[in-house]
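Data block for work-v5.cif (mmCIF, C-alpha atoms):
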data_upload
#
loop_
_atom_site.label_atom_id
_atom_site.label_comp_id
_atom_site.auth_asym_id
_atom_site.auth_seq_id
_atom_site.Cartn_x
_atom_site.Cartn_y
_atom_site.Cartn_z
CA MET A 1 0.00 0.00 0.00
CA PHE A 2 2.86 2.35 0.77
CA ASN A 3 5.84 3.00 -1.42
CA GLY A 4 8.74 4.04 0.75
CA THR A 5 8.63 6.23 3.85
CA ALA A 6 10.05 9.69 3.16
CA ARG A 7 7.03 11.04 1.35
CA HIS A 8 4.73 9.82 4.12
CA ARG A 9 6.69 11.55 6.84
CA ARG A 10 5.70 14.81 5.24
CA THR A 11 2.06 13.79 5.48
CA GLY A 12 2.29 14.74 9.13
CA LEU A 13 2.64 18.35 8.13
CA THR A 14 -0.09 18.02 5.54
CA ALA A 15 -2.49 16.30 7.90
CA LEU A 16 -1.90 18.93 10.54
CA ALA A 17 -1.97 21.68 7.96
CA LEU A 18 0.86 23.53 9.70
CA LEU A 19 0.08 26.66 7.77
CA PRO A 20 0.44 30.33 8.75
CA LEU A 21 -2.82 30.54 10.69
CA ALA A 22 -1.57 33.78 12.19
CA ALA A 23 -2.10 35.35 8.78
CA LEU A 24 -5.83 35.12 9.46
CA ALA A 25 -5.64 37.00 12.74
CA ALA A 26 -5.51 40.35 10.97
CA CYS A 27 -8.73 39.69 9.04
CA GLY A 28 -11.51 42.21 9.42
CA GLY A 29 -14.86 41.66 11.05
CA GLY A 30 -17.70 39.57 9.77
CA SER A 31 -19.70 40.65 6.78
CA GLY A 32 -23.12 39.18 7.27
CA ALA A 33 -21.60 35.77 6.70
CA GLY A 34 -24.28 33.97 8.64
CA ASP A 35 -26.77 34.75 5.86
CA THR A 36 -24.37 33.96 3.01
CA SER A 37 -25.45 31.25 0.59
CA ALA A 38 -24.31 30.30 -2.88
CA GLU A 39 -26.76 30.64 -5.75
CA GLU A 40 -28.25 27.35 -6.93
CA GLY A 41 -27.55 28.01 -10.60
CA SER A 42 -28.30 25.72 -13.49
CA GLY A 43 -26.17 22.81 -12.41
CA LYS A 44 -24.40 23.00 -15.76
CA GLY A 45 -21.31 24.67 -17.14
CA THR A 46 -17.77 25.25 -15.88
CA ILE A 47 -16.88 25.50 -12.20
CA ASN A 48 -13.55 26.60 -10.78
CA VAL A 49 -11.85 24.53 -8.09
CA TRP A 50 -8.92 25.58 -5.88
CA ALA A 51 -6.77 23.18 -3.88
CA HIS A 52 -3.44 23.19 -2.08
CA GLN A 53 -0.53 21.52 -3.84
CA GLY A 54 0.90 19.21 -1.21
CA GLN A 55 2.82 16.00 -1.65
CA ALA A 56 2.92 14.56 -5.16
CA SER A 57 0.83 11.47 -4.38
CA GLU A 58 -2.06 13.58 -3.03
CA THR A 59 -1.90 15.93 -5.99
CA ALA A 60 -2.01 13.03 -8.42
CA ALA A 61 -5.04 11.52 -6.65
CA LEU A 62 -6.91 14.83 -6.83
CA GLN A 63 -6.03 15.47 -10.46
CA ASN A 64 -7.24 12.00 -11.34
CA ALA A 65 -10.52 12.59 -9.48
CA VAL A 66 -11.13 15.83 -11.40
CA LYS A 67 -10.31 14.17 -14.70
CA ASN A 68 -12.67 11.27 -14.02
CA PHE A 69 -15.45 13.62 -12.89
CA ASN A 70 -15.22 15.53 -16.15
CA SER A 71 -15.32 12.37 -18.22
CA SER A 72 -18.14 10.78 -16.18
CA GLN A 73 -20.75 13.30 -17.36
CA SER A 74 -21.16 16.21 -19.77
CA ALA A 75 -23.15 18.75 -17.75
CA VAL A 76 -20.33 20.14 -15.59
CA LYS A 77 -16.66 20.75 -16.25
CA ALA A 78 -14.38 21.29 -13.25
CA GLU A 79 -11.22 23.35 -13.79
CA LEU A 80 -8.63 22.71 -11.09
CA LYS A 81 -6.13 25.32 -9.92
CA LEU A 82 -3.36 24.13 -7.60
CA ILE A 83 -1.71 26.64 -5.25
CA PRO A 84 1.52 25.83 -3.36
CA GLU A 85 0.74 24.70 0.18
CA LYS A 86 2.86 27.41 1.80
CA ASP A 87 0.88 30.12 0.00
CA TYR A 88 -2.56 28.56 0.08
CA THR A 89 -4.18 30.00 3.21
CA LYS A 90 -2.61 33.39 2.58
CA THR A 91 -4.05 33.38 -0.94
CA ILE A 92 -7.61 32.70 0.22
CA THR A 93 -7.24 35.29 2.96
CA ALA A 94 -6.05 37.94 0.51
CA THR A 95 -8.66 37.18 -2.17
CA ASP A 96 -12.00 38.98 -2.15
CA ALA A 97 -15.01 36.69 -1.82
CA SER A 98 -16.17 37.69 -5.30
CA GLU A 99 -12.93 36.35 -6.78
CA LEU A 100 -12.91 33.00 -4.98
CA PRO A 101 -13.81 29.81 -6.90
CA ASP A 102 -16.99 27.75 -6.79
CA VAL A 103 -15.24 25.02 -4.82
CA LEU A 104 -12.24 25.45 -2.56
CA GLU A 105 -10.19 23.38 -0.19
CA PHE A 106 -9.20 24.78 3.20
CA ASP A 107 -7.38 23.83 6.37
CA GLY A 108 -10.06 22.81 8.89
CA PRO A 109 -9.25 25.30 11.70
CA THR A 110 -9.39 28.21 9.22
CA MET A 111 -12.98 27.50 8.23
CA ALA A 112 -14.73 29.63 10.85
CA ASN A 113 -12.58 32.62 9.95
CA PHE A 114 -13.49 32.27 6.26
CA VAL A 115 -17.18 31.96 7.18
CA TYR A 116 -16.85 35.01 9.43
CA ASN A 117 -15.41 36.96 6.52
CA GLY A 118 -18.12 35.89 4.09
CA LYS A 119 -16.00 33.57 1.96
CA LEU A 120 -17.75 30.22 2.46
CA ALA A 121 -21.36 29.16 1.99
CA PRO A 122 -23.14 26.21 3.64
CA VAL A 123 -22.98 23.06 1.55
CA ASP A 124 -26.18 21.50 2.99
CA ASP A 125 -28.48 22.58 0.14
CA HIS A 126 -26.03 21.64 -2.60
CA VAL A 127 -24.56 18.23 -1.77
CA SER A 128 -26.74 15.14 -1.61
CA ALA A 129 -28.24 13.80 1.60
CA ARG A 130 -26.22 10.63 0.99
CA THR A 131 -22.93 12.57 0.97
CA LEU A 132 -23.78 14.31 4.24
CA GLY A 133 -25.02 11.11 5.81
CA ASN A 134 -21.92 9.19 4.79
CA ALA A 135 -19.55 11.71 6.37
CA THR A 136 -18.19 10.63 9.75
CA ASP A 137 -19.53 12.46 12.78
CA ALA A 138 -16.05 13.73 13.65
CA ILE A 139 -15.45 15.36 10.27
CA LYS A 140 -18.93 16.88 10.32
CA ALA A 141 -18.15 18.39 13.73
CA GLN A 142 -15.14 20.18 12.25
CA GLY A 143 -17.26 21.65 9.46
CA GLU A 144 -20.37 22.70 11.38
CA ILE A 145 -21.41 26.15 12.64
CA ASP A 146 -24.87 26.74 14.12
CA GLY A 147 -26.26 23.60 12.52
CA LYS A 148 -24.96 24.38 9.03
CA HIS A 149 -22.11 22.51 7.34
CA TYR A 150 -19.49 24.62 5.61
CA GLY A 151 -16.92 21.92 5.01
CA LEU A 152 -16.57 18.20 4.32
CA GLY A 153 -13.28 16.35 4.33
CA MET A 154 -12.03 13.34 2.42
CA PHE A 155 -9.81 12.38 5.36
CA ASP A 156 -9.29 13.01 9.05
CA ALA A 157 -6.40 12.90 11.50
CA GLY A 158 -5.72 11.36 14.87
CA LEU A 159 -3.13 11.06 17.63
CA GLY A 160 -1.76 8.12 19.54
CA MET A 161 1.28 6.70 21.25
CA TYR A 162 3.46 4.40 19.18
CA ALA A 163 5.43 1.97 21.32
CA ASN A 164 8.31 -0.43 20.81
CA LYS A 165 7.05 -3.68 22.34
CA LYS A 166 10.55 -5.11 22.63
CA LEU A 167 11.74 -2.18 24.75
CA LEU A 168 8.59 -2.14 26.88
CA ASP A 169 8.94 -5.85 27.63
CA ALA A 170 12.63 -5.48 28.49
CA ALA A 171 11.73 -2.83 31.07
CA GLY A 172 8.83 -4.87 32.46
CA VAL A 173 6.30 -2.22 31.43
CA LYS A 174 2.72 -3.32 30.96
CA TYR A 175 0.89 -1.32 28.31
CA PRO A 176 -2.76 -0.73 27.38
CA THR A 177 -4.45 -2.77 24.69
CA SER A 178 -7.38 -0.42 24.09
CA MET A 179 -8.81 2.95 25.08
CA ASP A 180 -10.61 1.28 27.96
CA ASP A 181 -7.36 0.56 29.78
CA ALA A 182 -5.33 3.60 28.73
CA TRP A 183 -2.48 4.53 31.03
CA THR A 184 -3.39 7.11 33.63
CA ALA A 185 -1.02 10.09 33.73
CA GLU A 186 0.53 8.58 36.86
CA GLU A 187 0.96 5.18 35.22
CA PHE A 188 2.53 6.83 32.19
CA GLY A 189 5.01 8.60 34.45
CA LYS A 190 5.90 5.27 36.09
CA ALA A 191 6.37 3.69 32.65
CA LEU A 192 8.77 6.47 31.66
CA LYS A 193 10.77 5.94 34.86
CA ALA A 194 10.95 2.18 34.29
CA LEU A 195 12.03 2.62 30.68
CA LYS A 196 14.68 5.14 31.72
CA GLY A 197 16.21 2.51 34.00
CA LYS A 198 16.89 0.31 30.97
CA ASP A 199 18.04 3.07 28.60
CA SER A 200 21.64 4.20 28.15
CA ASP A 201 20.92 7.94 28.01
CA GLY A 202 17.58 7.95 29.85
CA LYS A 203 15.79 9.50 26.87
CA VAL A 204 12.82 7.22 26.17
CA LEU A 205 10.07 9.48 24.80
CA ASP A 206 9.61 11.37 21.52
CA LEU A 207 7.17 14.31 21.50
CA SER A 208 7.89 15.24 17.86
CA GLU A 209 9.74 18.38 18.89
CA GLN A 210 11.06 18.67 15.35
CA TYR A 211 7.66 20.09 14.32
CA GLY A 212 8.06 22.91 16.85
CA LEU A 213 5.94 23.14 20.00
CA ALA A 214 5.25 26.86 19.42
CA SER A 215 3.27 25.96 16.29
CA GLU A 216 0.07 24.22 15.26
CA TRP A 217 1.70 20.97 16.32
CA GLY A 218 1.83 22.27 19.89
CA THR A 219 -1.91 22.89 19.88
CA PHE A 220 -2.95 19.81 17.93
CA GLY A 221 -0.57 17.49 19.72
CA PHE A 222 -0.99 18.59 23.32
CA SER A 223 -4.35 20.27 23.82
CA PRO A 224 -5.59 16.66 24.39
CA VAL A 225 -3.67 16.86 27.68
CA LEU A 226 -5.93 19.74 28.73
CA TRP A 227 -9.11 18.05 27.52
CA SER A 228 -8.25 14.78 29.24
CA ALA A 229 -7.66 16.65 32.50
CA GLY A 230 -11.00 18.45 32.31
CA GLY A 231 -9.62 21.75 31.01
CA ALA A 232 -10.16 23.33 27.61
CA LEU A 233 -8.82 25.97 25.25
CA LEU A 234 -12.14 27.82 25.39
CA LYS A 235 -15.37 27.45 27.33
CA ASP A 236 -18.41 29.48 26.34
CA GLY A 237 -16.17 31.68 24.20
CA LYS A 238 -13.72 32.49 27.00
CA ALA A 239 -10.25 31.19 27.79
CA GLU A 240 -10.17 32.39 31.39
CA GLY A 241 -11.38 29.65 33.68
CA ALA A 242 -10.80 26.99 31.03
CA LEU A 243 -7.27 27.32 29.71
CA ASP A 244 -5.93 28.40 33.11
CA SER A 245 -8.17 26.20 35.27
CA PRO A 246 -6.60 24.25 38.17
CA GLU A 247 -7.03 21.04 36.15
CA ALA A 248 -5.22 22.56 33.16
CA VAL A 249 -2.39 23.91 35.31
CA THR A 250 -1.88 20.56 37.03
CA ALA A 251 -1.86 18.75 33.68
CA MET A 252 0.71 21.13 32.26
CA LYS A 253 2.93 20.63 35.33
CA THR A 254 2.82 16.91 34.60
CA PHE A 255 3.61 17.53 30.93
CA GLN A 256 6.55 19.70 32.00
CA SER A 257 7.89 16.89 34.21
CA TRP A 258 8.28 14.60 31.20
CA LYS A 259 11.01 16.69 29.60
CA THR A 260 13.78 14.84 31.39
CA TYR A 261 12.74 11.69 29.50
CA VAL A 262 12.40 13.30 26.04
CA ASP A 263 14.75 12.84 23.12
CA PRO A 264 14.68 16.08 21.03
CA ASN A 265 14.42 13.92 17.90
CA THR A 266 16.07 16.50 15.68
CA ASP A 267 16.15 14.17 12.67
CA GLY A 268 12.65 12.77 13.19
CA ASN A 269 13.97 9.20 13.43
CA ALA A 270 14.49 8.62 17.17
CA PHE A 271 11.69 6.07 17.45
CA ALA A 272 12.33 4.34 14.13
CA LYS A 273 16.00 3.90 15.08
CA GLY A 274 15.10 2.35 18.44
CA LYS A 275 16.55 5.26 20.43
CA VAL A 276 13.26 5.75 22.31
CA ALA A 277 10.49 3.36 23.32
CA LEU A 278 7.56 5.74 22.88
CA SER A 279 6.52 8.29 20.25
CA TRP A 280 3.63 10.76 20.77
CA VAL A 281 2.52 11.59 17.24
CA GLY A 282 -0.21 10.95 14.67
CA HIS A 283 -1.37 8.40 12.15
CA TRP A 284 1.00 9.72 9.50
CA MET A 285 4.09 8.10 11.03
CA TYR A 286 2.70 4.57 10.76
CA PRO A 287 4.34 3.72 7.39
CA ALA A 288 7.85 4.61 8.57
CA TYR A 289 7.38 3.06 12.00
CA SER A 290 5.84 -0.14 10.68
CA GLU A 291 8.67 -0.61 8.23
CA ALA A 292 11.28 -0.01 10.93
CA LEU A 293 9.80 -2.08 13.77
CA GLY A 294 7.57 -4.67 12.15
CA ASP A 295 5.80 -6.82 14.74
CA ASP A 296 7.39 -4.88 17.61
CA LEU A 297 5.22 -1.85 16.80
CA VAL A 298 2.14 -1.33 18.96
CA VAL A 299 -0.32 1.58 18.84
CA LEU A 300 -1.62 2.95 22.14
CA PRO A 301 -4.06 5.68 23.20
CA LEU A 302 -2.72 8.83 24.84
CA PRO A 303 -2.68 8.92 28.68
CA ASP A 304 -5.87 9.53 30.64
CA PHE A 305 -5.59 12.54 32.95
CA GLY A 306 -8.93 11.81 34.58
CA ASN A 307 -11.51 12.81 31.97
CA GLY A 308 -10.83 9.90 29.63
CA PRO A 309 -8.16 9.65 26.91
CA LYS A 310 -8.51 12.30 24.21
CA THR A 311 -7.18 12.95 20.71
CA GLY A 312 -7.23 15.89 18.37
CA GLN A 313 -8.92 15.53 14.99
CA GLY A 314 -9.53 17.48 11.81
CA SER A 315 -7.69 18.15 8.59
CA TRP A 316 -8.19 19.57 5.09
CA ALA A 317 -11.79 20.01 3.97
CA TRP A 318 -13.79 21.14 0.95
CA GLY A 319 -16.39 23.89 0.74
CA ILE A 320 -18.33 26.11 -1.64
CA GLY A 321 -17.42 29.72 -2.29
CA ALA A 322 -19.98 32.17 -0.92
CA ASP A 323 -20.18 34.02 -4.23
CA SER A 324 -20.60 30.94 -6.40
CA LYS A 325 -23.36 31.29 -8.97
CA ASN A 326 -23.58 27.54 -9.52
CA GLY A 327 -23.95 25.82 -6.16
CA LYS A 328 -25.77 22.90 -7.74
CA ALA A 329 -22.81 22.09 -9.99
CA ALA A 330 -20.38 22.64 -7.09
CA GLY A 331 -22.40 20.20 -5.00
CA ALA A 332 -22.37 17.61 -7.78
CA PHE A 333 -18.58 17.85 -7.89
CA LEU A 334 -18.31 17.41 -4.10
CA ASP A 335 -20.65 14.42 -4.25
CA TYR A 336 -18.30 12.83 -6.75
CA LEU A 337 -15.17 13.76 -4.81
CA MET A 338 -16.54 12.07 -1.69
CA ASN A 339 -17.27 8.72 -3.30
CA ASP A 340 -15.42 5.59 -2.12
CA THR A 341 -13.12 5.47 -5.14
CA ASN A 342 -11.79 8.98 -4.65
CA VAL A 343 -11.63 8.90 -0.85
CA GLY A 344 -9.92 5.52 -1.04
CA ALA A 345 -7.37 6.77 -3.57
CA MET A 346 -6.63 9.91 -1.56
CA THR A 347 -6.19 8.10 1.75
CA GLU A 348 -4.04 5.46 0.11
CA ALA A 349 -1.90 8.31 -1.19
CA ASN A 350 -1.48 10.05 2.16
CA GLY A 351 -2.14 7.32 4.73
CA ALA A 352 -4.81 9.40 6.51
CA VAL A 353 -8.03 8.19 8.12
CA PRO A 354 -10.93 8.06 5.59
CA ALA A 355 -13.60 10.58 6.56
CA THR A 356 -16.56 8.72 5.08
CA ARG A 357 -18.24 5.75 6.71
CA THR A 358 -18.15 3.50 3.66
CA ALA A 359 -14.51 4.17 2.73
CA LEU A 360 -13.48 3.72 6.37
CA ALA A 361 -15.13 0.29 6.51
CA LYS A 362 -13.10 -0.79 3.45
CA SER A 363 -9.73 0.57 4.61
CA GLU A 364 -7.11 -2.11 5.20
CA LEU A 365 -5.40 0.09 7.80
CA TYR A 366 -8.38 1.45 9.72
CA LYS A 367 -11.13 -1.16 9.42
CA GLU A 368 -12.00 -3.43 12.32
CA GLY A 369 -8.98 -5.61 12.99
CA GLY A 370 -6.65 -3.32 11.01
CA PRO A 371 -3.34 -2.14 12.47
CA LEU A 372 -4.66 1.41 12.97
CA GLU A 373 -8.15 0.51 14.15
CA LEU A 374 -7.47 2.56 17.30
CA PHE A 375 -7.50 5.81 15.30
CA ALA A 376 -10.85 4.93 13.73
CA ASP A 377 -12.27 3.92 17.13
CA GLN A 378 -11.21 7.26 18.59
CA LEU A 379 -12.82 9.23 15.79
CA ALA A 380 -16.00 7.18 16.17
CA GLN A 381 -16.43 8.82 19.59
CA PRO A 382 -16.43 12.53 18.67
CA CYS A 383 -16.76 15.29 21.26
CA GLY A 384 -17.26 18.30 19.02
CA ASP A 385 -15.46 21.43 20.18
CA SER A 386 -17.24 21.98 23.50
CA GLY A 387 -19.03 20.20 26.31
CA PHE A 388 -16.85 17.11 26.08
CA ASN A 389 -16.66 14.55 28.87
CA ALA A 390 -15.21 11.14 29.67
CA SER A 391 -17.56 9.37 27.25
CA CYS A 392 -16.05 10.90 24.10
CA VAL A 393 -12.54 10.88 22.68
CA ALA A 394 -11.96 12.95 19.51
CA VAL A 395 -12.07 16.69 20.21
CA THR A 396 -12.40 19.28 17.44
CA ARG A 397 -10.21 22.35 17.75
CA PRO A 398 -12.38 25.38 18.64
CA VAL A 399 -14.62 26.28 15.69
CA THR A 400 -14.22 30.04 15.95
CA ALA A 401 -12.95 32.83 13.74
CA GLY A 402 -10.59 33.64 16.60
CA TYR A 403 -8.82 30.30 16.35
CA PRO A 404 -5.57 31.82 15.01
CA THR A 405 -5.21 33.75 18.27
CA VAL A 406 -6.17 30.74 20.38
CA THR A 407 -3.58 28.46 18.80
CA ALA A 408 -0.84 31.11 18.75
CA GLU A 409 -1.27 31.91 22.45
CA PHE A 410 -1.65 28.33 23.64
CA SER A 411 1.28 26.94 21.66
CA THR A 412 3.47 29.83 22.85
CA ALA A 413 2.49 29.06 26.46
CA LEU A 414 3.07 25.33 25.94
CA ASN A 415 6.54 25.96 24.56
CA ALA A 416 7.36 28.25 27.48
CA ILE A 417 6.13 25.68 30.01
CA TYR A 418 8.17 22.96 28.34
CA GLY A 419 11.17 25.28 28.63
CA GLY A 420 10.65 25.70 32.40
CA ALA A 421 8.14 28.56 32.78
CA ASP A 422 5.59 28.44 35.59
CA PRO A 423 2.51 26.70 34.12
CA GLN A 424 -0.03 28.82 35.95
CA GLU A 425 1.59 32.11 34.94
CA ALA A 426 2.02 31.01 31.31
CA LEU A 427 -1.58 29.77 30.98
CA GLU A 428 -3.04 32.84 32.68
CA LYS A 429 -1.07 35.09 30.34
CA ALA A 430 -2.33 33.16 27.31
CA ALA A 431 -5.93 33.23 28.56
CA ARG A 432 -5.83 36.99 29.09
CA ALA A 433 -4.44 37.57 25.59
CA ILE A 434 -7.08 35.35 23.98
CA ASP A 435 -9.94 37.00 25.86
CA ARG A 436 -8.67 40.49 25.02
CA ASP A 437 -8.63 39.59 21.35
CA PHE A 438 -12.14 38.12 21.52
CA THR A 439 -13.42 41.21 23.32
CA ASP A 440 -11.82 43.49 20.73
CA ASN A 441 -13.61 41.50 18.00
CA ALA A 442 -17.03 41.21 19.66
CA GLY A 443 -16.47 37.53 20.37
CA TYR A 444 -16.04 36.75 16.67
CA GLU A 445 -19.77 36.15 16.50
CA ILE A 446 -20.97 35.25 13.00
CA PRO A 447 -24.03 37.40 12.19
#

Will you turn the file into structure tokens for me?
Amino acid sequence: MFNGTARHRRTGLTALALLPLAALAACGGGSGAGDTSAEEGSGKGTINVWAHQGQASETAALQNAVKNFNSSQSAVKAELKLIPEKDYTKTITATDASELPDVLEFDGPTMANFVYNGKLAPVDDHVSARTLGNATDAIKAQGEIDGKHYGLGMFDAGLGMYANKKLLDAAGVKYPTSMDDAWTAEEFGKALKALKGKDSDGKVLDLSEQYGLASEWGTFGFSPVLWSAGGALLKDGKAEGALDSPEAVTAMKTFQSWKTYVDPNTDGNAFAKGKVALSWVGHWMYPAYSEALGDDLVVLPLPDFGNGPKTGQGSWAWGIGADSKNGKAAGAFLDYLMNDTNVGAMTEANGAVPATRTALAKSELYKEGGPLELFADQLAQPCGDSGFNASCVAVTRPVTAGYPTVTAEFSTALNAIYGGADPQEALEKAARAIDRDFTDNAGYEIP
């Protein structure tokens, strides 16, 4: 299924969409976006489609899908424009709504900001009921605002703990076999200590520092620590009392205590080379890790800090431009894009979790009994972006136009805490900055 490993390592960045979200922070206020809807149109003619140009295998899968759509019928012709990944979000941000295409791809956490600025229309009236019904609950949570869906994804993302069974056994460490028996934070700490006793340099954990903690990786990778402890990035539109809650502070103190066990993993290969026993990362590292470790590779849930194990979720999605004059044709294209053939081809190309029920059931990696079934099981228990508890697992990053500020402030605080800063002071500072920004922008409420 996978050809080599190097190209799949980069999928981590694609799946996380580590794009310049801060570029959105300077966007102006909403423009009546809540009432924005694309015109139905004739359902015939040419539609324009924009997408990010990521790794070659993804690009090829998308180009093939567009080509096959055009040849499958004669009513609609889709014209695809690829924009380099590093410029993609900036391009949408800088383009007036009237100049945006009929169909556009976007990084999941940017969606609310584009809705707020009148650049995306709901897809509900334009895609088929089957397409909406076949989307997984987790991916629908990422794309929903006030009961309307502005985005649907072909694939999703998830986090876990990869472990080297040989090294765990040598240290006498018992490990979980499912989410139901996930390590508690205390048990995880004891496992690290036991592994250190059998390791030459005492560095037994990889936290994927090479991605940068003061980045989207910091938020995506480690906000699950907050959620699992009973904290949150936002609660009822405010960071104060959520991000800097006693539960969040205690969890971040625990996170800080792990640093002594962490290999900085500057080349991204610490786990694959057997230098560490544990790697906290996402689905995208499976190809490289499976090739390196074979039967010694096991996939574990993240530690439970008291509110159940949690994972982040969400990735690239597709939507309809608010100024489209042919929503019916745009919807027909999205219906085609979300079929099993195209979702299967895309997720085979990038190794991500299929975001439709039928494609997920067919996936050799993620289906029941597959090596990455854990990721699918986690996403099958979605929390949405608020009100989550111990009975759900996959948490959506806050669906708010203010997300760029939220992620910038939290990841900066996380990086400072990891570097030795007082967790309470760092989280309180971040919460104040987030709330100031929300106040200055009237809570980023979409009209």

Explicit residue set for the PyMOL selection byres ((chain A and resi 428) around 10), as a compact mmCIF listing (two decimals) with C-alpha atoms, in the coordinates of the input:
# COMPACT_ATOMS: atom_id res chain seq x y z
CA ALA A 239 -10.25 31.19 27.79
CA GLU A 240 -10.17 32.39 31.39
CA GLY A 241 -11.38 29.65 33.68
CA ALA A 242 -10.80 26.99 31.03
CA LEU A 243 -7.27 27.32 29.71
CA ASP A 244 -5.93 28.40 33.11
CA SER A 245 -8.17 26.20 35.27
CA VAL A 249 -2.39 23.91 35.31
CA ALA A 413 2.49 29.06 26.46
CA PRO A 423 2.51 26.70 34.12
CA GLN A 424 -0.03 28.82 35.95
CA GLU A 425 1.59 32.11 34.94
CA ALA A 426 2.02 31.01 31.31
CA LEU A 427 -1.58 29.77 30.98
CA LYS A 429 -1.07 35.09 30.34
CA ALA A 430 -2.33 33.16 27.31
CA ALA A 431 -5.93 33.23 28.56
CA ARG A 432 -5.83 36.99 29.09
CA ALA A 433 -4.44 37.57 25.59
CA ILE A 434 -7.08 35.35 23.98

Best match for closeness to Ala322 (chain A) among A:Tyr286, A:Tyr150, A:Tyr88, A:Phe375, counting all atoms listed in the file:
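Result for the nearest residue to Ala322 (chain A): A:Tyr150.
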
Please indicate the distance in Å from CA of Gly41 (chain A) to CA of Ser324 (chain A), rounded to one decimal place.
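Distance reported for this atom pair: 8.6 Å.
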
Evaluate the PyMOL selection byres ((chain A and resi 315) around 6) and record the selected residues as a ChimeraX atom specification, following the chain and residue labels used in the document.
/A:15,108,156,314,316

Got time to write the residues from that selection, C-alpha atoms, as a compact mmCIF listing (two decimals), in the coordinates of the input?
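Output below, filename again23.txt:
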# COMPACT_ATOMS: atom_id res chain seq x y z
CA ALA A 15 -2.49 16.30 7.90
CA GLY A 108 -10.06 22.81 8.89
CA ASP A 156 -9.29 13.01 9.05
CA GLY A 314 -9.53 17.48 11.81
CA TRP A 316 -8.19 19.57 5.09

Which one is closest to Lys275 (chain A): A:Pro382, A:Gly202, A:Gly43, A:Pro301? Count all atoms listed in the file.
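Closest to Lys275 (chain A) of all the choices is A:Gly202.
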
Can you tell me, as a list in words, what residues are no more than 8 Å from Leu374 (chain A) when counting all atoms listed in the file, ignoring any on the same chain fewer than 5 positions away?
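After dropping sequence-adjacent residues, the list is Ser178, Met179, Val299, Leu300, Pro301 and Tyr366 of chain A.
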
A:Ala401, A:Leu213, A:Asn68, A:Thr219 ranked by distance to Ala416 (chain A), top pick (using only C-alpha atoms):
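Distance minimum relative to Ala416 (chain A) lands on A:Leu213.
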
Interatomic distance between CA of Gly218 (chain A) and CA of Thr177 (chain A)?
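So the two atoms, CA of Gly218 (chain A) and CA of Thr177 (chain A), lie 26.3 Å apart.
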
For Phe106 (chain A), which of A:Gln53, A:Ser72, A:Ser37, A:Gln63 is the closest residue, counting only C-alpha atoms?
A:Gln53

State, in Å with one decimal place, the distance from CA of Val115 (chain A) to CA of Gln55 (chain A).
27.1 Å

Spatial neighbours of Gly402 (chain A), 10 Å, all atoms listed in the file, chain gap at least 3 places, as a tab-separated table (two decimals) with C-alpha atoms, in the coordinates of the input:
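Saved the output as result_35.tsv:
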chain	number	residue	atom	x	y	z
A	24	LEU	CA	-5.83	35.12	9.46
A	25	ALA	CA	-5.64	37.00	12.74
A	27	CYS	CA	-8.73	39.69	9.04
A	109	PRO	CA	-9.25	25.30	11.70
A	110	THR	CA	-9.39	28.21	9.22
A	112	ALA	CA	-14.73	29.63	10.85
A	113	ASN	CA	-12.58	32.62	9.95
A	116	TYR	CA	-16.85	35.01	9.43
A	237	GLY	CA	-16.17	31.68	24.20
A	398	PRO	CA	-12.38	25.38	18.64
A	399	VAL	CA	-14.62	26.28	15.69
A	405	THR	CA	-5.21	33.75	18.27
A	406	VAL	CA	-6.17	30.74	20.38
A	407	THR	CA	-3.58	28.46	18.80
A	434	ILE	CA	-7.08	35.35	23.98
A	435	ASP	CA	-9.94	37.00	25.86
A	437	ASP	CA	-8.63	39.59	21.35
A	438	PHE	CA	-12.14	38.12	21.52
A	441	ASN	CA	-13.61	41.50	18.00
A	443	GLY	CA	-16.47	37.53	20.37
A	444	TYR	CA	-16.04	36.75	16.67
A	445	GLU	CA	-19.77	36.15	16.50
